[in-house]
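A.B. asks: Would you mind keeping the following structure in view while I ask a few things?
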Amino acid sequence: MATMKTWNLKSRPVGAPTPDNWELAEDAIPVAGDGEYVAETLWLSIDPYMRGRMNDAKSYAQPVPIGGRMEGGTVGRVIESKTPDVPVGSHVLYSGGWSTHWKATAKGTQIVDENVVPLSAYVGMMGMPGMTAWAGLHNIGKPVAGETLVVAAATGPVGTMVGQIAKAKGLRVVGIAGGAEKCAFAVDELGFDACLDRNDPDMTAKLKEAVPNGIDIYWENVGGPIFQAVWPLMNPFSRMPVCGVISFYNATQAPTGRDWGPQIFRDILTKRILVRGFIVWDYQEQYSQFVNEFVPMIQEGRINVREDVSQGIESAPQSLIDVLNGDNFGKKVIKVA
Ligand SMILES: NC(=O)c1ccc[n+]([C@@H]2O[C@H](COP(=O)([O-])OP(=O)(O)OC[C@H]3O[C@@H](n4cnc5c(N)ncnc54)[C@H](OP(=O)(O)O)[C@@H]3O)[C@@H](O)[C@H]2O)c1
């Protein structure tokens, strides 16, 4: 009997997840019913939002139930089909989860073409992270040539693309990343104007030097001490798309120390700063506009995302732990089959 492997959530983490929060199950590969297809997973995307799905907390999306399959974006090859919309042999993008196989209907399934971009890019540049960067900048950041943009997690997929889109639009781009190697990559390979190591004790002073005209767009990926270094440098009428706050994802209690609330509200008022949170699919109706603009940029080499590839479905838990620790270098993907 041909079998598939699936990671299910075994327990909810308190603080940082550990490998025993998941359990690997082995079951028979499902059989397609009428209107269904079965795909084998080629690529599984590992993304920070998965940490939130492990909590039993009210959020913009439902948590993964205990015993349920971990959620995740996948690209696969169809191996059996009883729907004419998804033929055997086609490549498909779907939220198939942490598994070697999945069964689904055509609804929510997108046929993808490896001749347009490599298959793994459909969960990276051409997928959720790419759309996040494009939609958040287009709708909230509203970059203008000559302005200054700062982005942390600068060598991850979202930060990489935010910075490259901003460079293409003529902005000064300053990245913040974990370590000298990531920073060298941001400047030398991605073309950022500067990049600061978030572990450098002088990061706050160096950031001030790196943005002589202040900050017009702060793309918020992380929160915490980086936000505190950035906030005093925000210009009048600056914009802050709040995309993520990864430094809080494993937090079990509120931070101690200075209460930033009064200063933040005062500055929002006096500097008329726009602070706007968003979830990528708020802009779903703009997906085809994103594809039309992004495909040429990718094909011309103006958007490039480094991939950090792990092998095999077994590597999924450690891959997510690595992303949450900053131990990934580029878009974390797993080559499953
Ligand atoms: N709103 C949306 O719809 C949406 C969609 C996609 C992603 N996001 C968010 O966007 C952010 C970036 O996502 P991504 O997929 O591009 O992730 P990523 O950059 O591949 O991985 C996360 C990175 O965050 C940094 N990091 C981890 N812990 C940190 C801490 N305590 N302080 C500062 N930085 C820390 C690390 O980079 P360094 O070690 O280099 O600093 C790590 O590599 C995340 O917050 C994610 O949740 C939001």
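Letters A, B, ... go to the chains of the structure tokens in the order shown; residues in each chain start at 1; ligands are counted from 1 in the same order.
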Which residues in stretch 163-213 of chain A does DSSP call alpha helix (DSSP H)? List them as a PyMOL selection string.
C.D. replies: chain A and resi 163-168+180-188+203-210
A.B. asks: Ligand 1: which residues are within 8 Å, counting only C-alpha atoms and all ligand atoms, as a ChimeraX atom specification?
C.D. replies: /A:46-49,128-129,132-133,152-160,176-179,182,197-198,220-226,242-248,277-281,322-332
A.B. asks: Just how far from atom CA of A:Glu26 is atom CA of A:Lys5, in Å to one decimal?
C.D. replies: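 A separation of 4.7 Å between them.
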A.B. asks: Pick out the closest residue to A:Thr41 from this set: A:Leu207, A:Met125, A:Ala61, A:Leu93. Count only C-alpha atoms.
C.D. replies: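 Looking only at the distances to A:Thr41, the closest residue turns out to be A:Leu93.
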A.B. asks: Would you please work out which residue, of A:Ser81, A:Gln164, A:Thr100, A:Thr74, is nearest to A:Ser120 when using only C-alpha atoms?
C.D. replies: A:Thr74
A.B. asks: Can you build me a table of stretch 44-123 of chain A residues sitting at most 10 Å from stretch 297-316 of chain A, with the closest atom pair per residue and its distance in Å to one decimal, using only C-alpha atoms, sorted by chain and residue number, as JSON lines?
C.D. replies:
{"residue": "A:Leu44", "atom": "CA", "partner": "A:Ile313", "partner_atom": "CA", "distance": 8.1}
{"residue": "A:Ser45", "atom": "CA", "partner": "A:Ala316", "partner_atom": "CA", "distance": 9.2}
{"residue": "A:Ile46", "atom": "CA", "partner": "A:Ala316", "partner_atom": "CA", "distance": 7.5}
{"residue": "A:Met70", "atom": "CA", "partner": "A:Ala316", "partner_atom": "CA", "distance": 9.8}
{"residue": "A:Trp98", "atom": "CA", "partner": "A:Ile313", "partner_atom": "CA", "distance": 7.1}
{"residue": "A:Ser99", "atom": "CA", "partner": "A:Ile313", "partner_atom": "CA", "distance": 6.7}
{"residue": "A:Thr100", "atom": "CA", "partner": "A:Ile313", "partner_atom": "CA", "distance": 6.7}
{"residue": "A:Val116", "atom": "CA", "partner": "A:Gln299", "partner_atom": "CA", "distance": 8.2}
{"residue": "A:Val117", "atom": "CA", "partner": "A:Gln299", "partner_atom": "CA", "distance": 7.8}
{"residue": "A:Ser120", "atom": "CA", "partner": "A:Glu307", "partner_atom": "CA", "distance": 8.9}
{"residue": "A:Ala121", "atom": "CA", "partner": "A:Val305", "partner_atom": "CA", "distance": 8.6}
A.B. asks: For A:Pro87, find every residue with an atom within 9 Å (counting only C-alpha atoms), except residues of its own chain fewer than 6 positions away, and show them as a ChimeraX atom specification.
C.D. replies: /A:37,78-81
A.B. asks: Find the residues near A:Val211: any atom within 12 Å, counting only C-alpha atoms, skip ones fewer than 5 places away on the same chain, and give them as a ChimeraX atom specification.
C.D. replies: /A:146-150,171-175,193-196,204-206,216-218,229-230,232-235
A.B. asks: When distances are computed from only C-alpha atoms, which of A:His138, A:Lys271, A:Lys167, A:Arg77 shows the smallest separation from A:Tyr283?
C.D. replies: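 Of A:His138, A:Lys271, A:Lys167, A:Arg77, the one nearest A:Tyr283, counting only C-alpha atoms, is A:His138.
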A.B. asks: As JSON, numbers by chain, which residues of stretch 60-250 of chain A does DSSP assign to strand (DSSP E)?
C.D. replies: {"A": [74, 75, 76, 77, 78, 79, 80, 81, 91, 92, 93, 94, 101, 102, 103, 104, 105, 110, 111, 112, 148, 149, 150, 151, 152, 172, 173, 174, 175, 176, 177, 194, 195, 196, 197, 215, 216, 217, 218, 219, 234, 235, 236, 237, 238, 239, 240, 241, 242]}
A.B. asks: Grab the residues selected above and save them as an mmCIF file, in the first residue's frame with C-alpha atoms.
C.D. replies:
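Below is the file selection_13.cif, written as the result:
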data_model
loop_
_atom_site.group_PDB
_atom_site.id
_atom_site.type_symbol
_atom_site.label_atom_id
_atom_site.label_comp_id
_atom_site.auth_asym_id
_atom_site.auth_seq_id
_atom_site.Cartn_x
_atom_site.Cartn_y
_atom_site.Cartn_z
ATOM 1 C CA THR A 74 2.128 23.798 -1.390
ATOM 2 C CA VAL A 75 2.982 23.241 -5.019
ATOM 3 C CA GLY A 76 2.315 19.726 -6.244
ATOM 4 C CA ARG A 77 1.839 17.416 -9.196
ATOM 5 C CA VAL A 78 -1.591 15.865 -9.792
ATOM 6 C CA ILE A 79 -1.360 12.044 -9.668
ATOM 7 C CA GLU A 80 -5.075 11.161 -9.830
ATOM 8 C CA SER A 81 -8.055 13.225 -10.935
ATOM 9 C CA HIS A 91 1.193 21.415 -11.470
ATOM 10 C CA VAL A 92 -1.002 23.036 -8.861
ATOM 11 C CA LEU A 93 -0.777 25.610 -6.065
ATOM 12 C CA TYR A 94 -2.942 24.882 -3.033
ATOM 13 C CA HIS A 101 0.056 14.360 -0.543
ATOM 14 C CA TRP A 102 -3.261 16.120 -0.466
ATOM 15 C CA LYS A 103 -6.776 15.655 -1.834
ATOM 16 C CA ALA A 104 -8.903 18.622 -2.916
ATOM 17 C CA THR A 105 -11.391 19.960 -5.445
ATOM 18 C CA GLN A 110 -4.549 27.215 -9.070
ATOM 19 C CA ILE A 111 -2.859 25.535 -12.043
ATOM 20 C CA VAL A 112 0.696 26.876 -12.333
ATOM 21 C CA THR A 148 13.700 56.540 2.452
ATOM 22 C CA LEU A 149 12.333 53.111 3.350
ATOM 23 C CA VAL A 150 13.478 50.896 6.223
ATOM 24 C CA VAL A 151 12.671 47.184 6.415
ATOM 25 C CA ALA A 152 13.775 44.502 8.898
ATOM 26 C CA ARG A 172 16.788 54.895 -0.550
ATOM 27 C CA VAL A 173 16.443 51.468 1.094
ATOM 28 C CA VAL A 174 17.950 50.529 4.447
ATOM 29 C CA GLY A 175 17.614 46.938 5.607
ATOM 30 C CA ILE A 176 18.018 45.444 9.061
ATOM 31 C CA ALA A 177 18.941 41.763 9.303
ATOM 32 C CA ALA A 194 22.720 50.033 3.585
ATOM 33 C CA CYS A 195 21.957 47.193 5.959
ATOM 34 C CA LEU A 196 22.396 47.050 9.725
ATOM 35 C CA ASP A 197 22.945 44.005 11.894
ATOM 36 C CA ILE A 215 12.243 57.603 7.414
ATOM 37 C CA ASP A 216 9.259 57.967 5.072
ATOM 38 C CA ILE A 217 8.203 54.305 5.045
ATOM 39 C CA TYR A 218 8.909 51.843 7.808
ATOM 40 C CA TRP A 219 7.804 48.382 6.724
ATOM 41 C CA MET A 234 9.772 58.676 11.375
ATOM 42 C CA ASN A 235 9.116 61.777 9.256
ATOM 43 C CA PRO A 236 5.941 63.872 9.151
ATOM 44 C CA PHE A 237 3.394 62.136 6.894
ATOM 45 C CA SER A 238 5.389 58.895 6.929
ATOM 46 C CA ARG A 239 3.672 55.525 6.450
ATOM 47 C CA MET A 240 4.030 52.281 8.347
ATOM 48 C CA PRO A 241 2.474 49.178 6.776
ATOM 49 C CA VAL A 242 2.252 46.740 9.715
#
A.B. asks: Just how far from atom CA of A:Pro13 is atom CA of A:Ala57, in Å to one decimal?
C.D. replies: 12.2 Å
A.B. asks: Can you pull out every residue within 8 Å of A:Ile321, counting only C-alpha atoms, but drop anything in the same chain fewer than 3 positions away, and send it as number ranges by chain?
C.D. replies: A: 16-18, 317-318, 324-325
A.B. asks: With all heavy atoms retained, write the just-selected residues as a short mmCIF file (atom, residue, chain, number, x, y, z; two decimals), in the first residue's frame.
C.D. replies:
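File result.cif, as written:
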data_model
loop_
_atom_site.label_atom_id
_atom_site.label_comp_id
_atom_site.auth_asym_id
_atom_site.auth_seq_id
_atom_site.Cartn_x
_atom_site.Cartn_y
_atom_site.Cartn_z
N ALA A 16 8.34 29.39 22.63
CA ALA A 16 8.88 28.86 21.36
C ALA A 16 8.44 27.41 21.15
O ALA A 16 8.45 26.62 22.10
CB ALA A 16 10.40 28.94 21.38
N PRO A 17 8.04 27.06 19.90
CA PRO A 17 7.67 25.66 19.66
C PRO A 17 8.88 24.74 19.75
O PRO A 17 10.02 25.17 19.51
CB PRO A 17 7.11 25.68 18.23
CG PRO A 17 7.46 26.98 17.64
CD PRO A 17 7.90 27.91 18.72
N THR A 18 8.62 23.49 20.09
CA THR A 18 9.68 22.47 20.14
C THR A 18 9.20 21.29 19.28
O THR A 18 7.99 21.15 19.03
CB THR A 18 9.93 22.00 21.58
OG1 THR A 18 8.67 21.59 22.15
CG2 THR A 18 10.52 23.11 22.43
N PRO A 317 9.09 20.65 10.97
CA PRO A 317 9.10 21.31 12.30
C PRO A 317 10.36 22.14 12.54
O PRO A 317 10.27 23.30 12.95
CB PRO A 317 9.01 20.13 13.28
CG PRO A 317 8.32 19.06 12.52
CD PRO A 317 8.83 19.19 11.10
N GLN A 318 11.53 21.56 12.26
CA GLN A 318 12.77 22.30 12.51
C GLN A 318 12.84 23.53 11.60
O GLN A 318 13.37 24.58 12.00
CB GLN A 318 13.99 21.40 12.29
CG GLN A 318 15.30 22.02 12.76
CD GLN A 318 15.27 22.41 14.25
OE1 GLN A 318 14.88 21.62 15.10
NE2 GLN A 318 15.67 23.65 14.56
N LEU A 324 11.54 31.13 12.96
CA LEU A 324 11.19 31.94 14.13
C LEU A 324 12.42 32.41 14.89
O LEU A 324 12.38 33.41 15.61
CB LEU A 324 10.24 31.15 15.05
CG LEU A 324 8.88 30.83 14.43
CD1 LEU A 324 8.13 29.80 15.28
CD2 LEU A 324 8.02 32.08 14.26
N ASN A 325 13.53 31.69 14.72
CA ASN A 325 14.79 32.06 15.39
C ASN A 325 15.68 32.92 14.50
O ASN A 325 16.77 33.32 14.93
CB ASN A 325 15.59 30.80 15.76
CG ASN A 325 15.01 30.09 16.95
OD1 ASN A 325 14.31 30.70 17.75
ND2 ASN A 325 15.29 28.80 17.06
#
